[in-house]
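Heads up, protein.txt below (compact mmCIF, C-alpha atoms and all ligand atoms):
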```
# COMPACT_ATOMS: atom_id res chain seq x y z
CA MET U 97 -5.29 29.02 -2.06
CA THR U 98 -1.50 28.60 -1.98
CA LEU U 99 -0.34 26.10 -4.55
CA PRO U 100 2.28 23.61 -3.45
CA LEU U 101 5.84 24.27 -4.61
CA ILE U 102 6.01 21.74 -7.34
CA THR U 103 6.49 22.33 -11.05
CA PHE U 104 4.03 20.68 -13.37
CA SER U 105 4.86 19.21 -16.75
CA ARG U 106 3.79 16.24 -18.80
CA ARG U 107 6.19 14.15 -16.75
CA LEU U 108 4.18 14.74 -13.58
CA ARG U 109 0.57 13.74 -13.87
CA GLU U 110 -2.32 15.47 -12.24
CA THR U 111 -5.37 13.25 -11.81
CA PRO U 112 -9.06 13.73 -12.58
CA PHE U 113 -9.44 14.61 -8.87
CA THR U 114 -6.51 16.98 -8.28
CA ASP U 115 -8.66 20.14 -8.47
CA ARG U 116 -11.13 18.62 -6.02
CA ILE U 117 -8.52 17.71 -3.42
CA LEU U 118 -6.91 21.16 -3.64
CA VAL U 119 -10.29 22.68 -2.85
CA GLY U 120 -10.68 19.96 -0.19
CA GLY U 121 -7.56 21.20 1.58
CA ALA U 122 -4.63 19.01 0.52
CA GLN U 123 -1.60 20.61 2.21
CA SER U 124 1.22 18.52 0.85
CA PHE U 125 1.89 16.18 -2.04
CA THR U 126 4.33 13.47 -2.87
CA VAL U 127 5.00 12.01 -6.32
CA TYR U 128 4.19 8.35 -6.87
CA ASN U 129 4.36 6.66 -10.28
CA HIS U 130 4.96 10.13 -11.77
CA THR U 131 1.55 11.13 -10.40
CA LEU U 132 0.47 13.45 -7.58
CA LEU U 133 -0.46 11.81 -4.27
CA PRO U 134 -1.57 14.00 -1.36
CA SER U 135 0.08 13.25 1.99
CA TRP U 136 -2.08 15.19 4.46
CA PHE U 137 -5.05 17.54 4.71
CA ARG U 138 -5.71 18.72 8.31
CA SER U 139 -2.57 17.40 10.00
CA LEU U 140 -1.35 13.79 10.07
CA GLU U 141 -2.91 13.31 13.54
CA ALA U 142 -6.22 15.03 12.73
CA ASP U 143 -6.47 13.07 9.46
CA TYR U 144 -5.85 9.87 11.46
CA TRP U 145 -8.66 10.50 13.93
CA HIS U 146 -11.03 11.55 11.21
CA LEU U 147 -10.24 8.35 9.30
CA VAL U 148 -10.63 5.93 12.21
CA GLU U 149 -13.95 7.48 13.30
CA ASN U 150 -15.65 8.44 10.03
CA VAL U 151 -15.15 7.88 6.31
CA GLN U 152 -12.73 9.45 3.86
CA VAL U 153 -12.51 9.61 0.09
CA TRP U 154 -8.94 9.24 -1.22
CA ASP U 155 -7.44 10.11 -4.60
CA VAL U 156 -5.09 7.16 -5.05
CA SER U 157 -5.00 7.54 -8.84
CA CYS U 158 -1.22 7.21 -8.56
CA GLU U 159 -1.74 3.45 -8.10
CA ARG U 160 -1.48 3.16 -11.86
CA GLN U 161 -2.55 0.08 -13.73
CA VAL U 162 -0.38 -1.92 -16.06
CA GLN U 163 -2.59 -4.07 -18.24
CA LEU U 164 -1.45 -7.44 -19.56
CA LYS U 165 -3.75 -8.73 -22.27
CA GLY U 166 -3.49 -11.81 -24.42
CA PRO U 167 -3.03 -15.59 -24.35
CA ASP U 168 0.21 -15.30 -22.30
CA ALA U 169 -1.00 -12.67 -19.80
CA GLU U 170 -1.32 -15.11 -16.91
CA LYS U 171 2.00 -16.74 -17.76
CA LEU U 172 3.70 -13.35 -17.55
CA VAL U 173 2.11 -12.44 -14.17
CA GLN U 174 3.09 -15.81 -12.74
CA LEU U 175 6.62 -15.40 -14.08
CA MET U 176 6.90 -12.12 -12.17
CA THR U 177 5.50 -13.25 -8.80
CA PRO U 178 6.20 -16.16 -6.43
CA ARG U 179 2.56 -16.01 -5.29
CA ASP U 180 0.49 -18.91 -6.64
CA LEU U 181 -2.16 -17.49 -8.98
CA SER U 182 -3.19 -20.83 -10.50
CA LYS U 183 -6.40 -21.03 -8.47
CA ALA U 184 -7.35 -17.38 -9.03
CA GLN U 185 -11.09 -16.83 -8.82
CA ALA U 186 -12.58 -14.41 -11.33
CA ASP U 187 -13.45 -11.84 -8.63
CA GLN U 188 -10.30 -12.09 -6.53
CA CYS U 189 -7.71 -9.40 -5.76
CA PHE U 190 -4.18 -10.60 -5.06
CA TYR U 191 -1.48 -8.74 -3.18
CA VAL U 192 1.58 -9.91 -5.14
CA PRO U 193 5.24 -9.22 -4.53
CA LEU U 194 6.91 -8.95 -7.96
CA CYS U 195 10.45 -10.31 -7.74
CA ASP U 196 13.43 -10.53 -10.07
CA GLU U 197 15.63 -13.59 -10.62
CA ASP U 198 17.52 -12.84 -7.38
CA GLY U 199 14.28 -12.76 -5.42
CA HIS U 200 14.49 -9.00 -4.92
CA ILE U 201 11.24 -7.04 -4.81
CA LEU U 202 10.51 -4.81 -7.79
CA ASN U 203 7.00 -3.79 -6.76
CA ASP U 204 4.09 -5.06 -4.63
CA PRO U 205 0.90 -4.42 -6.60
CA ILE U 206 -2.62 -5.70 -6.23
CA ALA U 207 -3.33 -7.95 -9.20
CA ILE U 208 -6.82 -8.57 -10.52
CA ARG U 209 -8.02 -10.63 -13.43
CA VAL U 210 -10.43 -8.34 -15.26
CA SER U 211 -11.33 -10.89 -17.92
CA ASP U 212 -10.19 -14.34 -19.04
CA ASP U 213 -7.12 -13.04 -20.83
CA THR U 214 -6.59 -9.69 -19.09
CA TRP U 215 -4.85 -8.79 -15.82
CA TRP U 216 -4.37 -5.42 -14.16
CA LEU U 217 -1.46 -4.75 -11.85
CA SER U 218 -2.32 -1.85 -9.55
CA LEU U 219 1.20 -0.62 -8.98
CA ALA U 220 3.26 0.73 -6.14
CA ASP U 221 5.92 3.26 -7.08
CA SER U 222 8.19 1.69 -9.72
CA ASP U 223 8.14 1.26 -13.49
CA ILE U 224 6.81 -2.25 -13.99
CA TYR U 225 5.49 -1.31 -17.44
CA LEU U 226 9.07 -1.37 -18.73
CA TRP U 227 10.00 -4.55 -16.83
CA ALA U 228 6.94 -6.40 -18.15
CA ARG U 229 7.58 -5.26 -21.71
CA GLY U 230 11.20 -6.31 -21.46
CA LEU U 231 10.27 -9.76 -20.24
CA ALA U 232 7.51 -10.18 -22.83
CA ASN U 233 9.80 -9.14 -25.66
CA GLY U 234 12.75 -11.20 -24.51
CA MET U 235 10.62 -14.28 -24.05
CA ARG U 236 8.47 -13.68 -27.13
CA LEU U 237 5.26 -13.86 -25.11
CA ASP U 238 1.93 -13.31 -26.82
CA VAL U 239 0.75 -10.46 -24.61
CA GLU U 240 -0.05 -6.79 -25.12
CA ILE U 241 1.14 -4.50 -22.36
CA SER U 242 -0.41 -1.10 -21.88
CA ARG U 243 -1.18 1.60 -19.32
CA PRO U 244 -4.93 2.09 -19.46
CA ASP U 245 -6.43 5.31 -18.11
CA VAL U 246 -7.73 3.90 -14.85
CA TRP U 247 -7.71 6.07 -11.75
CA PRO U 248 -8.36 4.25 -8.47
CA ILE U 249 -10.11 6.09 -5.66
CA ALA U 250 -10.54 4.67 -2.16
CA VAL U 251 -13.33 5.03 0.39
CA GLN U 252 -11.92 4.13 3.79
CA GLY U 253 -13.08 4.16 7.40
CA PRO U 254 -15.74 2.57 9.61
CA LYS U 255 -18.59 4.33 7.76
CA ALA U 256 -17.28 3.39 4.30
CA GLU U 257 -19.80 0.62 3.71
CA THR U 258 -22.75 2.86 4.56
CA LEU U 259 -21.50 5.56 2.21
CA MET U 260 -20.76 3.10 -0.59
CA ALA U 261 -24.23 1.55 -0.29
CA ARG U 262 -25.82 4.97 -0.77
CA VAL U 263 -23.98 5.45 -4.08
CA PHE U 264 -23.62 1.90 -5.43
CA GLY U 265 -26.61 0.19 -3.81
CA GLU U 266 -26.97 -2.50 -1.12
CA GLU U 267 -25.20 -5.03 -3.36
CA VAL U 268 -21.84 -3.55 -2.37
CA ARG U 269 -22.23 -4.76 1.24
CA SER U 270 -21.79 -8.43 0.32
CA THR U 271 -18.39 -7.85 -1.31
CA ARG U 272 -15.84 -9.90 0.65
CA PHE U 273 -12.35 -8.70 1.62
CA PHE U 274 -10.05 -8.64 -1.42
CA ARG U 275 -12.89 -9.53 -3.80
CA TYR U 276 -14.45 -7.24 -6.38
CA LYS U 277 -17.79 -6.73 -8.10
CA ARG U 278 -18.83 -4.80 -11.17
CA LEU U 279 -21.42 -2.36 -9.90
CA PRO U 280 -23.58 -0.10 -12.04
CA TYR U 281 -23.42 3.67 -11.76
CA HIS U 282 -25.70 5.42 -14.27
CA SER U 283 -24.73 4.04 -17.70
CA HIS U 284 -21.50 2.36 -16.56
CA GLU U 285 -20.19 -0.52 -14.48
CA PHE U 286 -17.20 0.13 -12.22
CA ILE U 287 -14.91 -2.45 -10.68
CA VAL U 288 -15.40 -2.02 -6.92
CA ALA U 289 -13.18 -3.98 -4.54
CA ARG U 290 -13.18 -4.33 -0.77
CA SER U 291 -9.58 -3.25 -0.28
CA GLY U 292 -7.49 -0.20 0.48
CA TRP U 293 -4.33 0.89 2.18
CA SER U 294 -5.67 1.23 5.73
CA GLY U 295 -6.75 -1.12 8.48
CA GLN U 296 -10.08 0.67 8.89
CA GLY U 297 -11.97 -1.23 6.19
CA GLY U 298 -13.29 0.14 2.95
CA PHE U 299 -13.44 -0.05 -0.79
CA GLU U 300 -11.57 0.92 -3.91
CA ILE U 301 -13.19 1.93 -7.18
CA TYR U 302 -11.19 1.57 -10.38
CA ILE U 303 -12.36 4.68 -12.25
CA ASP U 304 -12.17 4.03 -16.00
CA ASP U 305 -14.61 6.79 -17.00
CA VAL U 306 -13.38 10.19 -15.86
CA GLU U 307 -16.64 12.12 -16.11
CA LEU U 308 -18.66 9.49 -14.27
CA GLY U 309 -15.81 9.04 -11.80
CA GLN U 310 -15.94 12.72 -10.94
CA ALA U 311 -19.71 12.40 -10.53
CA VAL U 312 -19.17 9.47 -8.12
CA TRP U 313 -16.62 11.56 -6.18
CA ASP U 314 -18.98 14.55 -5.90
CA GLU U 315 -21.90 12.33 -4.91
CA PHE U 316 -19.95 10.90 -1.96
CA PHE U 317 -19.68 14.39 -0.51
CA VAL U 318 -23.37 15.19 -1.10
CA VAL U 319 -24.93 11.98 0.24
CA GLY U 320 -22.31 11.47 2.98
CA ALA U 321 -22.60 14.83 4.76
CA ASP U 322 -24.34 13.27 7.80
CA LEU U 323 -21.58 10.63 7.97
CA ASN U 324 -19.00 13.39 8.28
CA VAL U 325 -17.34 12.25 5.06
CA GLY U 326 -14.05 14.04 4.46
CA HIS U 327 -11.09 14.25 2.20
CA GLY U 328 -8.13 12.07 3.10
CA CYS U 329 -5.24 10.05 1.81
CA PRO U 330 -3.10 7.11 2.90
CA ASN U 331 -2.09 8.10 6.44
CA ASN U 332 1.45 7.31 7.55
CA ILE U 333 0.51 6.88 11.23
CA GLU U 334 -2.45 4.62 10.55
CA ARG U 335 -0.68 2.44 8.02
CA MET U 336 2.29 1.95 10.36
CA GLU U 337 0.07 1.07 13.33
CA THR U 338 -1.70 -1.39 11.00
CA GLY U 339 1.60 -2.75 9.65
CA LEU U 340 1.19 -1.99 5.93
CA LEU U 341 4.47 -1.76 4.04
CA SER U 342 5.34 0.96 1.56
CA PHE U 343 7.45 -0.10 -1.40
CA GLY U 344 10.39 2.28 -1.87
CA SER U 345 10.43 3.06 1.85
CA ASP U 346 10.14 -0.24 3.72
CA MET U 347 11.47 -2.50 0.99
CA ASP U 348 13.04 -2.01 -2.39
CA TYR U 349 15.24 -3.72 -4.99
CA ARG U 350 17.68 -4.78 -2.23
CA HIS U 351 15.19 -6.84 -0.24
CA THR U 352 13.37 -10.12 -0.72
CA PRO U 353 9.81 -10.85 0.48
CA LEU U 354 11.31 -13.22 3.06
CA GLN U 355 13.13 -10.28 4.63
CA CYS U 356 10.15 -7.98 4.96
CA GLY U 357 7.54 -10.39 6.27
CA LEU U 358 5.81 -11.08 2.96
CA ASP U 359 6.54 -14.84 3.18
CA ARG U 360 2.84 -15.66 3.16
CA TYR U 361 2.57 -14.29 -0.37
CA CYS U 362 5.27 -16.67 -1.68
CA GLN U 363 4.27 -20.30 -2.33
CA LEU U 364 7.80 -21.66 -2.49
CA ASP U 365 6.70 -25.29 -2.31
CA ALA U 366 4.39 -24.99 -5.30
CA ASP U 367 5.57 -25.91 -8.76
CA LEU U 368 5.42 -22.43 -10.26
CA PRO U 369 7.27 -21.03 -13.27
CA SER U 370 8.20 -17.88 -11.33
CA MET U 371 11.64 -16.46 -12.09
CA SER U 372 12.37 -15.80 -8.39
CA MET U 373 11.62 -19.35 -7.17
CA ASP U 374 15.16 -20.73 -7.03
CA ALA U 375 16.62 -17.65 -5.35
CA LEU U 376 13.88 -17.49 -2.74
CA ARG U 377 14.06 -21.20 -1.97
CA ALA U 378 17.81 -20.86 -1.53
CA GLN U 379 17.34 -17.94 0.83
CA ARG U 380 14.72 -19.83 2.82
CA GLU U 381 17.23 -22.65 3.14
CA GLN U 382 20.13 -20.40 4.23
CA GLY U 383 18.11 -18.02 6.35
CA VAL U 384 17.82 -14.26 5.81
CA PRO U 385 20.76 -12.03 6.77
CA SER U 386 18.46 -9.31 8.07
CA ARG U 387 14.76 -8.66 8.26
CA LEU U 388 12.18 -5.97 8.91
CA VAL U 389 10.97 -5.66 12.51
CA GLY U 390 9.23 -3.05 14.63
CA VAL U 391 10.50 -0.97 17.53
CA VAL U 392 8.32 0.89 20.04
CA ALA U 393 9.61 3.63 22.35
CA PRO U 394 7.12 5.05 24.88
CA GLY U 395 7.14 8.66 26.01
CA VAL U 396 8.82 10.32 23.01
CA PRO U 397 7.37 13.83 22.66
CA VAL U 398 8.70 14.78 19.20
CA ALA U 399 9.98 12.53 16.42
CA SER U 400 13.13 13.26 14.43
CA ARG U 401 14.24 12.18 10.98
CA HIS U 402 17.66 11.56 12.50
CA SER U 403 16.52 9.00 15.06
CA GLN U 404 18.95 6.18 15.69
CA LEU U 405 18.53 2.81 17.35
CA LEU U 406 21.24 1.67 19.78
CA VAL U 407 21.98 -1.63 21.47
CA ASP U 408 24.27 -1.28 24.45
CA GLY U 409 25.19 2.16 23.13
CA GLU U 410 26.17 1.00 19.62
CA PRO U 411 24.18 2.05 16.51
CA VAL U 412 22.13 -0.81 15.06
CA GLY U 413 19.44 -1.31 12.46
CA ASP U 414 18.30 0.62 9.46
CA ILE U 415 15.08 2.57 10.09
CA THR U 416 12.78 2.65 7.05
CA SER U 417 9.69 4.44 8.42
CA GLN U 418 8.95 6.11 11.73
CA THR U 419 6.23 8.14 13.37
CA LEU U 420 4.62 8.99 16.68
CA SER U 421 1.58 6.82 17.25
CA ALA U 422 -1.64 8.82 17.42
CA ARG U 423 -3.43 6.47 19.78
CA TYR U 424 -0.59 5.63 22.16
CA ASP U 425 2.09 7.74 23.77
CA ALA U 426 4.84 6.04 21.81
CA TRP U 427 7.22 6.39 18.89
CA ILE U 428 7.09 3.47 16.45
CA CYS U 429 9.35 2.45 13.58
CA PHE U 430 10.02 -0.27 11.05
CA ALA U 431 13.70 -1.19 10.77
CA TYR U 432 15.93 -3.80 9.16
CA MET U 433 17.99 -5.64 11.76
CA GLU U 434 20.53 -8.39 11.38
CA SER U 435 19.12 -11.82 12.20
CA GLU U 436 21.74 -12.41 14.93
CA LEU U 437 20.79 -9.17 16.62
CA ILE U 438 17.09 -10.06 16.45
CA ALA U 439 17.83 -13.40 18.11
CA ALA U 440 19.76 -11.65 20.89
CA LEU U 441 16.96 -9.14 21.48
CA GLN U 442 14.38 -11.92 21.55
CA GLU U 443 16.40 -13.52 24.35
CA SER U 444 16.59 -10.13 26.09
CA LYS U 445 20.33 -9.95 25.54
CA GLY U 446 21.28 -6.31 25.05
CA VAL U 447 19.48 -3.09 25.91
CA LEU U 448 17.63 -1.42 23.06
CA THR U 449 17.40 2.37 23.15
CA LEU U 450 16.22 5.08 20.80
CA LEU U 451 18.37 8.16 20.33
CA CYS U 452 16.02 10.97 19.27
CA ASN U 453 16.77 14.70 19.43
CA ASN U 454 19.85 13.92 21.54
CA LEU U 455 17.81 12.14 24.21
CA GLU U 456 17.78 8.42 24.92
CA TYR U 457 14.55 6.47 25.44
CA ASP U 458 13.99 2.84 26.42
CA ALA U 459 12.76 0.94 23.38
CA VAL U 460 11.06 -2.41 22.88
CA PHE U 461 11.57 -4.85 20.01
CA SER U 462 8.38 -6.01 18.25
CA GLU U 463 7.49 -8.35 15.43
CA LEU U 464 5.32 -6.80 12.70
CA PRO U 465 2.48 -6.03 12.61
CA PHE U 466 2.69 -4.33 16.01
CA LYS U 467 0.29 -5.38 18.72
CA LEU U 468 0.23 -1.94 20.30
CA ASP U 469 -2.95 -2.61 22.29
CA GLN U 470 -1.26 -5.51 24.09
CA MET U 471 1.83 -3.60 25.16
CA GLY U 472 0.41 -1.73 28.15
CA LEU U 473 1.11 1.63 26.51
CA LYS U 474 -0.50 4.82 27.80
CA THR U 475 -3.05 6.31 25.42
CA ARG U 476 -2.60 9.92 24.40
CA THR U 477 -4.76 12.38 26.26
N1 LIG E 1 -4.68 -0.50 -3.56
C1 LIG E 1 -4.51 -0.63 -4.88
N2 LIG E 1 -3.30 -0.57 -5.45
C2 LIG E 1 -2.21 -0.37 -4.67
C3 LIG E 1 -2.33 -0.25 -3.27
C4 LIG E 1 -3.62 -0.32 -2.71
N3 LIG E 1 -0.99 -0.30 -5.24
C5 LIG E 1 0.14 0.15 -4.47
C6 LIG E 1 0.11 -0.31 -3.04
N4 LIG E 1 -1.21 -0.07 -2.48
C7 LIG E 1 0.42 -1.78 -2.99
N5 LIG E 1 0.72 -2.23 -1.66
C8 LIG E 1 -0.22 -2.82 -0.82
C9 LIG E 1 0.20 -3.23 0.42
C10 LIG E 1 -0.69 -3.86 1.27
C11 LIG E 1 -2.00 -4.06 0.88
C12 LIG E 1 -2.41 -3.63 -0.35
C13 LIG E 1 -1.53 -3.02 -1.22
C14 LIG E 1 -2.98 -4.76 1.77
N6 LIG E 1 -2.56 -5.79 2.51
C15 LIG E 1 -3.43 -6.47 3.44
C16 LIG E 1 -2.64 -6.80 4.70
O1 LIG E 1 -1.43 -6.78 4.67
O2 LIG E 1 -3.30 -7.05 5.71
C17 LIG E 1 -4.04 -7.75 2.91
C18 LIG E 1 -3.40 -8.40 1.76
C19 LIG E 1 -4.00 -9.77 1.41
O3 LIG E 1 -4.55 -10.43 2.31
O4 LIG E 1 -3.89 -10.21 0.25
O5 LIG E 1 -4.14 -4.42 1.79
O6 LIG E 1 -3.82 -0.20 -1.47
N7 LIG E 1 -5.57 -0.81 -5.67
```

Mind turning this structure into structure tokens?
Ligand code: THG
Amino acid sequence: MTLPLITFSRRLRETPFTDRILVGGAQSFTVYNHTLLPSWFRSLEADYWHLVENVQVWDVSCERQVQLKGPDAEKLVQLMTPRDLSKAQADQCFYVPLCDEDGHILNDPIAIRVSDDTWWLSLADSDIYLWARGLANGMRLDVEISRPDVWPIAVQGPKAETLMARVFGEEVRSTRFFRYKRLPYHSHEFIVARSGWSGQGGFEIYIDDVELGQAVWDEFFVVGADLNVGHGCPNNIERMETGLLSFGSDMDYRHTPLQCGLDRYCQLDADLPSMSMDALRAQREQGVPSRLVGVVAPGVPVASRHSQLLVDGEPVGDITSQTLSARYDAWICFAYMESELIAALQESKGVLTLLCNNLEYDAVFSELPFKLDQMGLKTRT
């Protein structure tokens, strides 16, 4: 087995599952929250087809938890996000943009209330531990902030529910989308949520007992053989086709949730003590200068990192993520475009082209998420 060219130290965390995914054929890693995250196993395309037809087990331990515990825990979460958490049900998972006082996004975790006075933020790739501690100290909040050893794994794909039921029992089937249950496994109860970073359906298990977590992992591969269970990881093609955003790539400290289509997670008319409220309301009032949209270009054979969008021959837009679709014969991207330009394209003023490997292709503007199946695209053969 050839090890990836990456130097390990205490600054770069392996996970309880790293050895297993190396044996399982992980070909490439990225680093996320100072932790290893595999990026493909077979090839991006083969991983995609395996995921959309079967079930995969993902090591997403890099989605590290920051725990807020104490009388002011909820106050601190609500300070950090413009999403209204006041009606949070005990078993609910919340996708929450965390925003600073200018409304800029610092992270977009999934938040869950694990007990009356305890919240977990399941982080994207930025150091919210420090931000939360800074706020709590500065505001003298009565809350303890820590990084518990919790290692999420995901089970994703159309056969995920069948596989999960074999390991966690039939009870798992009645878990609703973005809700969680505590389900027994031997001597322990794990938090199991119906969530995950794909559009194929599935679950996430917050592993807080390493030995039992590894037993769960191994059991998936024993009892799921007939389901063609495989190793996998968040798949860039699938998540783009589905329209899931990646913090650090598709939005970062420069962007607000109103610019990247996360408006529905901001309750700007609610009376919330969130630090980003005023800035976001002001931006809603003034309108956003630019926002994230999609572009689709049929018939592109090979993608290029140096792709450029043009309108009437002039460079436009700022591409954040791009890939060839696996299902359709098309190149797709997310890009920031100025609001005026978007308005012009919506009125079919200006010709949008993609410059890729020195060739020009006709391109089509799209709101996100894409509706690729309604665009009359050819499927790949
Ligand atoms: N699972 C867990 N933690 C995470 C992620 C995850 N932390 C990092 C990263 N992913 C956070 N980002 C996202 C982005 C989108 C979604 C989840 C996490 C997502 N969105 C759904 C959608 O857009 O359709 C639904 C959101 C909702 O309705 O609330 O699933 O994947 N544990």

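Shortest separation to Leu451 in chain U among U:Ser403, U:His351, U:Asp414, U:Thr419 occurs at residue U:Ser403, atoms counted being all atoms listed in the file.
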
**Asked** Taking into account all atoms listed in the file, which residue in the set U:Gln174, U:Thr271, U:Gln404, U:Gln152 is nearest to Gln188 in chain U?
**Response** U:Thr271

**Prompt:** Within 7 Å of ligand LIG 1 (chain E), counting only C-alpha atoms and all ligand atoms, which protein or nucleic acid residues do you find, written as a list in words?
**Reply:**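 Going residue by residue within 7 Å of ligand LIG 1 (chain E), we get Glu159, Phe190, Tyr191, Asp204, Pro205, Ile206, Ser218, Leu219, Ala220, Pro248, Phe274, Ser291, Gly292, Trp293, Glu300, Leu340, Leu341 and Ser342 of chain U.
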
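In this model, the gap between CA of Thr352 in chain U and CA of Met336 in chain U comes to 19.8 Å.
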
Using the file's own x, y and z axes, so that the box edges lie along x, y and z, what centre and edge lengths in Å (one decimal) does a box around every listed atom of range 222-226 of chain U get when 5 Å is added on each side? Give it as lines of an AutoDock Vina configuration file.
```
center_x = 7.3
center_y = -0.3
center_z = -14.2
size_x = 13.6
size_y = 13.9
size_z = 19.0
```
